[in-house]
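Please read the structure below before turning to the comments.
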Amino acid sequence: MPNRDTLFSAPISKLGDWTFDEKVAEVFPDMIQRSVPGYSNIISMIGMLTERFARSNTRLYDLGCSLGAATLSMRRNINVEGCEIIAVDNSSAMVERCRRHIDAFRAETPVTVIEDDIRNVEIKNASIVVLNFTLQFLSPEDRLPLLESIYRGLLPGGILVLSEKFNFSDSLTGELLFDMHLDFKRANGYSELEISQKRSMLENVMRTDSVEAHKSRLTQAGFQHSELWFQCFNFGSLIAVKTGEPA
């Protein structure tokens, strides 16, 4: 049973910006399940995509791996030989726990967990790259260069899975989806104080884009095919495919 997220249940006198520190890492599984609608579906479907797209003797990347949920889902569903998973996060608290989680499950596919900024990682010989709720924490000017780097490192026929919180140009539906997300968090036991304090801490570090902006940026990065494949309220996931015949 994961530790319950009560980080914001009491008033905090000075709300700083959000960081993925030791306290967040400790309650992260509970926090993400109660805060991100559809998260479990996305994780399990990353496994399904892995079964379809992982190719022998290639690398699979989990960029912004947190505690390794997507990494484990990929590793469970690799059915070819010679793969390697590279999991990267810049939070030492997350990396430490991620390594423990990975080591707790025996499997043939090796996993290397790296503590670093994902912008420093060279992507190469990749059949799958996952950005699971990670891009939204990068400064907007760094997003396209990262996607271009991923595109260059993907093999023809390789895929990028990009999961994000979205904003919407249509204010009526945007507000509706935003309010439904608030209802989702309330239904999962978060108080108004918890919701408000967490939002205040995130607003300077998490800048969301619309689905259209994501698709446009993916096209700019070189991807000829991208589409929204999962959405629940204002959260969802896109898939982008690098065309060309696999070698």
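Just remember, in the structure tokens the first chain shown is A, the second B, etc., residues are 1-based per chain, and ligands are 1-based in the order shown.
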
What's around segment 55-67 of chain A at 9 Å? Count only C-alpha atoms, leave out sequence neighbours fewer than 2 positions away in its own chain, and write the answer as an MDAnalysis selection string. chainID A and resid 20 25 28:29 50 52:53 69:71 74 78:91 93:102 113 117:118 123:135 155 158 246

Residues from last step as file, C-alpha atoms, as a short mmCIF file (atom, residue, chain, number, x, y, z; two decimals), in the first residue's frame:
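Listing of selection.cif after writing:
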```
data_model
loop_
_atom_site.label_atom_id
_atom_site.label_comp_id
_atom_site.auth_asym_id
_atom_site.auth_seq_id
_atom_site.Cartn_x
_atom_site.Cartn_y
_atom_site.Cartn_z
CA PHE A 20 10.35 16.47 -6.87
CA ALA A 25 9.00 10.81 -3.93
CA PHE A 28 4.35 9.80 -5.42
CA PRO A 29 2.44 6.59 -6.33
CA THR A 50 6.16 -1.86 -26.31
CA ARG A 52 4.26 -3.91 -30.80
CA PHE A 53 7.20 -1.53 -31.35
CA ALA A 69 6.30 2.84 -13.67
CA ALA A 70 6.66 3.22 -17.45
CA THR A 71 10.07 1.51 -17.38
CA MET A 74 7.99 -1.60 -20.98
CA ILE A 78 9.48 -6.74 -24.37
CA ASN A 79 9.29 -9.95 -26.42
CA VAL A 80 12.48 -9.58 -28.47
CA GLU A 81 16.15 -10.08 -27.57
CA GLY A 82 18.97 -7.66 -26.94
CA CYS A 83 17.01 -4.64 -25.69
CA GLU A 84 18.21 -2.18 -23.09
CA ILE A 85 16.14 0.40 -21.18
CA ILE A 86 17.61 3.78 -20.24
CA ALA A 87 15.61 5.54 -17.50
CA VAL A 88 16.50 9.15 -16.69
CA ASP A 89 15.41 11.59 -13.99
CA ASN A 90 17.04 14.67 -12.45
CA SER A 91 15.61 14.06 -8.96
CA ALA A 93 15.11 11.06 -4.49
CA MET A 94 13.21 9.64 -7.47
CA VAL A 95 16.28 7.92 -8.94
CA GLU A 96 17.16 6.23 -5.67
CA ARG A 97 13.65 4.81 -5.29
CA CYS A 98 13.41 3.96 -9.00
CA ARG A 99 16.54 1.80 -8.76
CA ARG A 100 15.06 -0.07 -5.81
CA HIS A 101 11.78 -0.65 -7.69
CA ILE A 102 13.60 -1.93 -10.78
CA VAL A 113 18.81 4.39 -14.27
CA ASP A 117 18.80 16.35 -16.91
CA ILE A 118 17.06 14.67 -19.86
CA ILE A 123 19.25 9.38 -27.72
CA LYS A 124 20.57 6.70 -30.05
CA ASN A 125 19.49 3.39 -31.58
CA ALA A 126 16.03 3.84 -30.04
CA SER A 127 12.88 1.95 -30.98
CA ILE A 128 10.74 3.58 -28.24
CA VAL A 129 11.04 6.84 -26.29
CA VAL A 130 8.60 7.73 -23.50
CA LEU A 131 8.00 11.25 -22.14
CA ASN A 132 5.34 10.56 -19.53
CA PHE A 133 4.20 13.91 -18.06
CA THR A 134 7.74 15.30 -18.40
CA LEU A 135 7.82 17.83 -21.25
CA LEU A 155 15.22 4.34 -35.70
CA GLY A 158 10.29 3.95 -33.92
CA PRO A 246 12.91 -0.70 -40.02
#
```

Taking the backbone alone, and naming residues the way the document does, which bits of segment 23-178 of chain A are alpha helix (DSSP H) by DSSP, as a VMD selection string? chain A and resid 23 to 35 39 to 53 69 to 76 92 to 103 140 to 153 171 to 178

Please measure the separation of atom CA of Gly222 of chain A and atom CA of Glu148 of chain A, giving the value in Å to one decimal. 7.0 Å

Report the distance between atom CA of Ser226 of chain A and atom CA of Asp209 of chain A in Å, rounded to one decimal place. 15.4 Å

May I have the residues within 12 Å of Phe184 of chain A as a list in words, using only C-alpha atoms and disregarding those fewer than 3 positions away in the same chain? Gln33, Arg34, Ser35, Val36, Pro37, Gly38, Leu177, Phe178, Asp179, Met180, His181, Ala187, Asn188, Gly189, Tyr190, Ser191, Ile195, Cys232, Phe233, Asn234 and Phe235 of chain A

Would you mind listing, for every residue of segment 207-234 of chain A within 12 Å of segment 137-144 of chain A, the two atoms forming the shortest contact and the distance between them in Å to one decimal, using only C-alpha atoms, sorted by chain and ascending residue number, as CSV?
```
residue,atom,partner,partner_atom,distance
A:Arg207,CA,A:Phe137,CA,6.7
A:Thr208,CA,A:Phe137,CA,8.5
A:Asp209,CA,A:Pro140,CA,9.2
A:Ala213,CA,A:Leu144,CA,11.0
A:His214,CA,A:Leu144,CA,9.7
A:Lys215,CA,A:Leu144,CA,11.3
A:Ser216,CA,A:Leu144,CA,10.1
A:Arg217,CA,A:Leu144,CA,6.4
A:Leu218,CA,A:Leu144,CA,7.8
A:Thr219,CA,A:Leu144,CA,10.0
A:Gln220,CA,A:Leu144,CA,7.7
A:Ala221,CA,A:Leu144,CA,6.4
A:Gly222,CA,A:Leu144,CA,10.2
A:Phe223,CA,A:Leu144,CA,11.7
```

Could you write out that same residue set with C-alpha atoms as a CSV table (one decimal), in the first residue's frame?
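Output below, filename again.csv:
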```csv
chain,number,residue,atom,x,y,z
A,207,ARG,CA,3.4,25.2,-18.3
A,208,THR,CA,0.9,23.2,-20.4
A,209,ASP,CA,0.3,23.3,-24.2
A,213,ALA,CA,0.5,22.9,-30.2
A,214,HIS,CA,2.0,19.5,-29.3
A,215,LYS,CA,1.1,18.1,-32.8
A,216,SER,CA,2.6,21.2,-34.5
A,217,ARG,CA,5.8,20.9,-32.5
A,218,LEU,CA,6.1,17.2,-33.3
A,219,THR,CA,5.8,18.0,-37.0
A,220,GLN,CA,8.5,20.6,-36.6
A,221,ALA,CA,10.7,18.1,-34.9
A,222,GLY,CA,10.4,15.8,-38.0
A,223,PHE,CA,7.6,13.4,-37.1
```

Could you pull out the residues in segment 12-242 of chain A that DSSP calls strand (DSSP E) from the backbone, as a PyMOL selection string? chain A and resi 59-63+84-89+111-115+126-132+154-165+225-232+235-241

Under the rule that only C-alpha atoms are counted, which of A:Leu147, A:Ala104, A:Leu49, A:Leu72 is the nearest residue to Trp229 of chain A? A:Leu49

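Nearest to Phe166 of chain A of all the residues A:Ser237, A:Ser149, A:Gln224, A:Thr112 is A:Ser237, counting only C-alpha atoms.
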
One decimal, in Å: what's the spacing between atom CA of Val241 of chain A and atom CA of Pro156 of chain A? 8.4 Å
